[in-house]
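A.B. asks: Input: one structure, supplied below.
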Amino acid sequence: IMARADFGERLRTVSIEKYFSDWLDSKTDLAPTSLEKYVQISGCFLDSLGDRKSKPLTALSVQDVRRFFNARAREKLAPKTLIDSAKIIRIALNAARKSGLISTNPAEAVELPKAKGVERETFTPTEVKLLVDAANGEWKTTILLGYFTGARLLDCSRMTWDSVDLVTKTLTFTPRKTGNRIMVPIHSELEVHLNGLAGIDLPEKFITPGLARLKTGGQRGLSEGFKRIMDEA
């Protein structure tokens, strides 16, 4: 009818999988870590749909979304992780609703647990020494980088030698979360440690090349690795 009336456009029918692919491609303003999370959760959602992901976006139901969240809950994920999953799926489908691809957002009908706040304390110098003593190899370097720069674990593990200026005694890096370049002075203890590593004279891009290959999450990820060091310390 729209075509015969020369309305100017035709009905848009896009599959669920194609929509999420196009939506992720449009998220060019996200920080790399945020985009990684969007891609990971969207992929899990599509996997939960099975063959239904090739169905039109309009075929997506509340039951589809609830089934995905229930499966995530059975994995015994933290409430905040579940809520992050919900937010990302809701954002994606809300964009589809605003574009006129669907009339309602099925993710808004699914209730999730409330997140419990976690209050974190600062490590004392004594505790940091215990952590460094309990750590091996690259983990010692990463812990010292975190303590003396305030950078996040993932940023510490992926710092490069280009960031280190042992002449001016400064370290420059760009946090993945904010994208704002930061320069900090190199503490004397960190300087001694980095000088020891630089003396090895290996042609490595990353200061900790082994840890740089790891992601934050997962059983073998950075977070679990650091937890094991804390337990030992």
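Residue numbering restarts at 1 for every chain of the structure tokens, chains are lettered A, B, ... in their displayed order, and ligands are numbered from 1 as they appear.
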For Val164 (chain A), work out the shell of residues within 12 Å, counting only C-alpha atoms and skipping chain neighbours fewer than 2 positions away, then give it as a ChimeraX atom specification.
C.D. replies: /A:145,159-162,166-173,183-186,190-191,194-195,197-198,205-207
A.B. asks: Run DSSP on the backbone and tell me which residues of region 47-222 of chain A come out as alpha helix (DSSP H); list them as an MDAnalysis selection string.
C.D. replies: chainID A and resid 47:49 62:74 79:98 125:134 138:149 153:157 188:198 209:212 222
A.B. asks: Need the shell around Val132 (chain A): protein/DNA/RNA residues with any atom at most 12 Å away, counting only C-alpha atoms. Skip same-chain ones fewer than 2 positions apart. Format as a PyMOL selection string?
C.D. replies: chain A and resi 125-130+134-147+193+226+229-230+232-233
A.B. asks: Within 10 Å of region 40-61 of chain A, which residues of region 98-203 of chain A come that close, and what is the closest atom pair and distance in Å for each? Count only C-alpha atoms and give it as JSON lines.
C.D. replies:
{"residue": "A:Leu101", "atom": "CA", "partner": "A:Thr58", "partner_atom": "CA", "distance": 7.3}
{"residue": "A:Ile102", "atom": "CA", "partner": "A:Thr58", "partner_atom": "CA", "distance": 5.7}
{"residue": "A:Ser103", "atom": "CA", "partner": "A:Thr58", "partner_atom": "CA", "distance": 8.2}
{"residue": "A:Thr104", "atom": "CA", "partner": "A:Thr58", "partner_atom": "CA", "distance": 9.2}
{"residue": "A:Asn105", "atom": "CA", "partner": "A:Ser61", "partner_atom": "CA", "distance": 8.9}
{"residue": "A:Pro106", "atom": "CA", "partner": "A:Ser61", "partner_atom": "CA", "distance": 5.8}
{"residue": "A:Ala107", "atom": "CA", "partner": "A:Ser61", "partner_atom": "CA", "distance": 8.4}
{"residue": "A:Ala109", "atom": "CA", "partner": "A:Ser61", "partner_atom": "CA", "distance": 10.0}
A.B. asks: Can you write out the residues you just picked, keeping C-alpha atoms, as a compact mmCIF listing (two decimals), in the first residue's frame?
C.D. replies:
# COMPACT_ATOMS: atom_id res chain seq x y z
CA LEU A 101 11.16 -0.75 13.71
CA ILE A 102 9.12 -2.09 16.66
CA SER A 103 6.13 -0.59 18.45
CA THR A 104 7.13 -1.60 21.99
CA ASN A 105 10.32 -2.60 23.80
CA PRO A 106 9.90 -6.20 25.09
CA ALA A 107 12.91 -5.84 27.43
CA ALA A 109 8.60 -5.83 30.74
A.B. asks: From region 64-208 of chain A, collect each residue whose DSSP state is strand (DSSP E or B) and return the set as a ChimeraX atom specification.
C.D. replies: /A:160,164-165,170-173,182-185,206
A.B. asks: Can you write out the residues you just picked, keeping N, CA and C atoms, as a compact mmCIF listing (two decimals), in the first residue's frame?
C.D. replies:
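After the write, result-v1.txt holds the following:
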# COMPACT_ATOMS: atom_id res chain seq x y z
N THR A 160 52.14 0.55 27.57
CA THR A 160 53.25 0.27 26.65
C THR A 160 54.51 1.03 27.08
N VAL A 164 56.25 5.34 28.82
CA VAL A 164 57.22 5.59 29.88
C VAL A 164 58.36 6.48 29.38
N ASP A 165 58.59 7.58 30.09
CA ASP A 165 59.72 8.46 29.80
C ASP A 165 60.61 8.49 31.03
N THR A 170 58.18 10.58 33.73
CA THR A 170 56.72 10.69 33.63
C THR A 170 56.18 9.47 32.91
N LEU A 171 54.93 9.17 33.19
CA LEU A 171 54.23 8.06 32.55
C LEU A 171 52.92 8.59 32.00
N THR A 172 52.70 8.43 30.70
CA THR A 172 51.51 8.95 30.04
C THR A 172 50.67 7.79 29.50
N PHE A 173 49.37 7.81 29.81
CA PHE A 173 48.49 6.74 29.33
C PHE A 173 47.09 7.29 29.11
N ILE A 182 46.30 11.04 30.26
CA ILE A 182 46.76 11.40 31.60
C ILE A 182 48.28 11.27 31.68
N MET A 183 48.93 12.25 32.31
CA MET A 183 50.36 12.16 32.57
C MET A 183 50.59 12.22 34.07
N VAL A 184 51.35 11.27 34.60
CA VAL A 184 51.64 11.24 36.03
C VAL A 184 53.15 11.12 36.23
N PRO A 185 53.67 11.66 37.34
CA PRO A 185 55.09 11.49 37.63
C PRO A 185 55.37 10.05 38.05
N PHE A 206 54.37 -4.02 25.01
CA PHE A 206 53.71 -3.85 26.30
C PHE A 206 54.71 -4.06 27.44
A.B. asks: Identify which of the residues A:Val192, A:Leu82, A:Ala96, A:Ile89 lies closest to Ser15 (chain A), counting only C-alpha atoms when measuring atom-to-atom distances.
C.D. replies: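 Closest residue, counting only C-alpha atoms: A:Ala96.
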A.B. asks: Between A:Lys27, A:Leu77, A:Glu108, A:Ala5, which one has atoms that come closest to Gly218 (chain A), using only C-alpha atoms?
C.D. replies: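 The shortest atom-to-atom distance to Gly218 (chain A) comes from A:Leu77.
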A.B. asks: For a test of reading the model, state the distance in Å between CA of Glu121 (chain A) and CA of Gly150 (chain A), rounded to one decimal.
C.D. replies: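 According to the coordinates, CA of Glu121 (chain A) and CA of Gly150 (chain A) are separated by 13.6 Å.
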A.B. asks: How far is it from CA of Gly225 (chain A) to CA of Leu153 (chain A), in Å with one decimal?
C.D. replies: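 So the two atoms, CA of Gly225 (chain A) and CA of Leu153 (chain A), lie 10.8 Å apart.
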A.B. asks: Could you tell me how far CA of Pro175 (chain A) lies from CA of Gly196 (chain A), in Å and to one decimal?
C.D. replies: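 If I compute the distance from CA of Pro175 (chain A) to CA of Gly196 (chain A), I get 25.0 Å.
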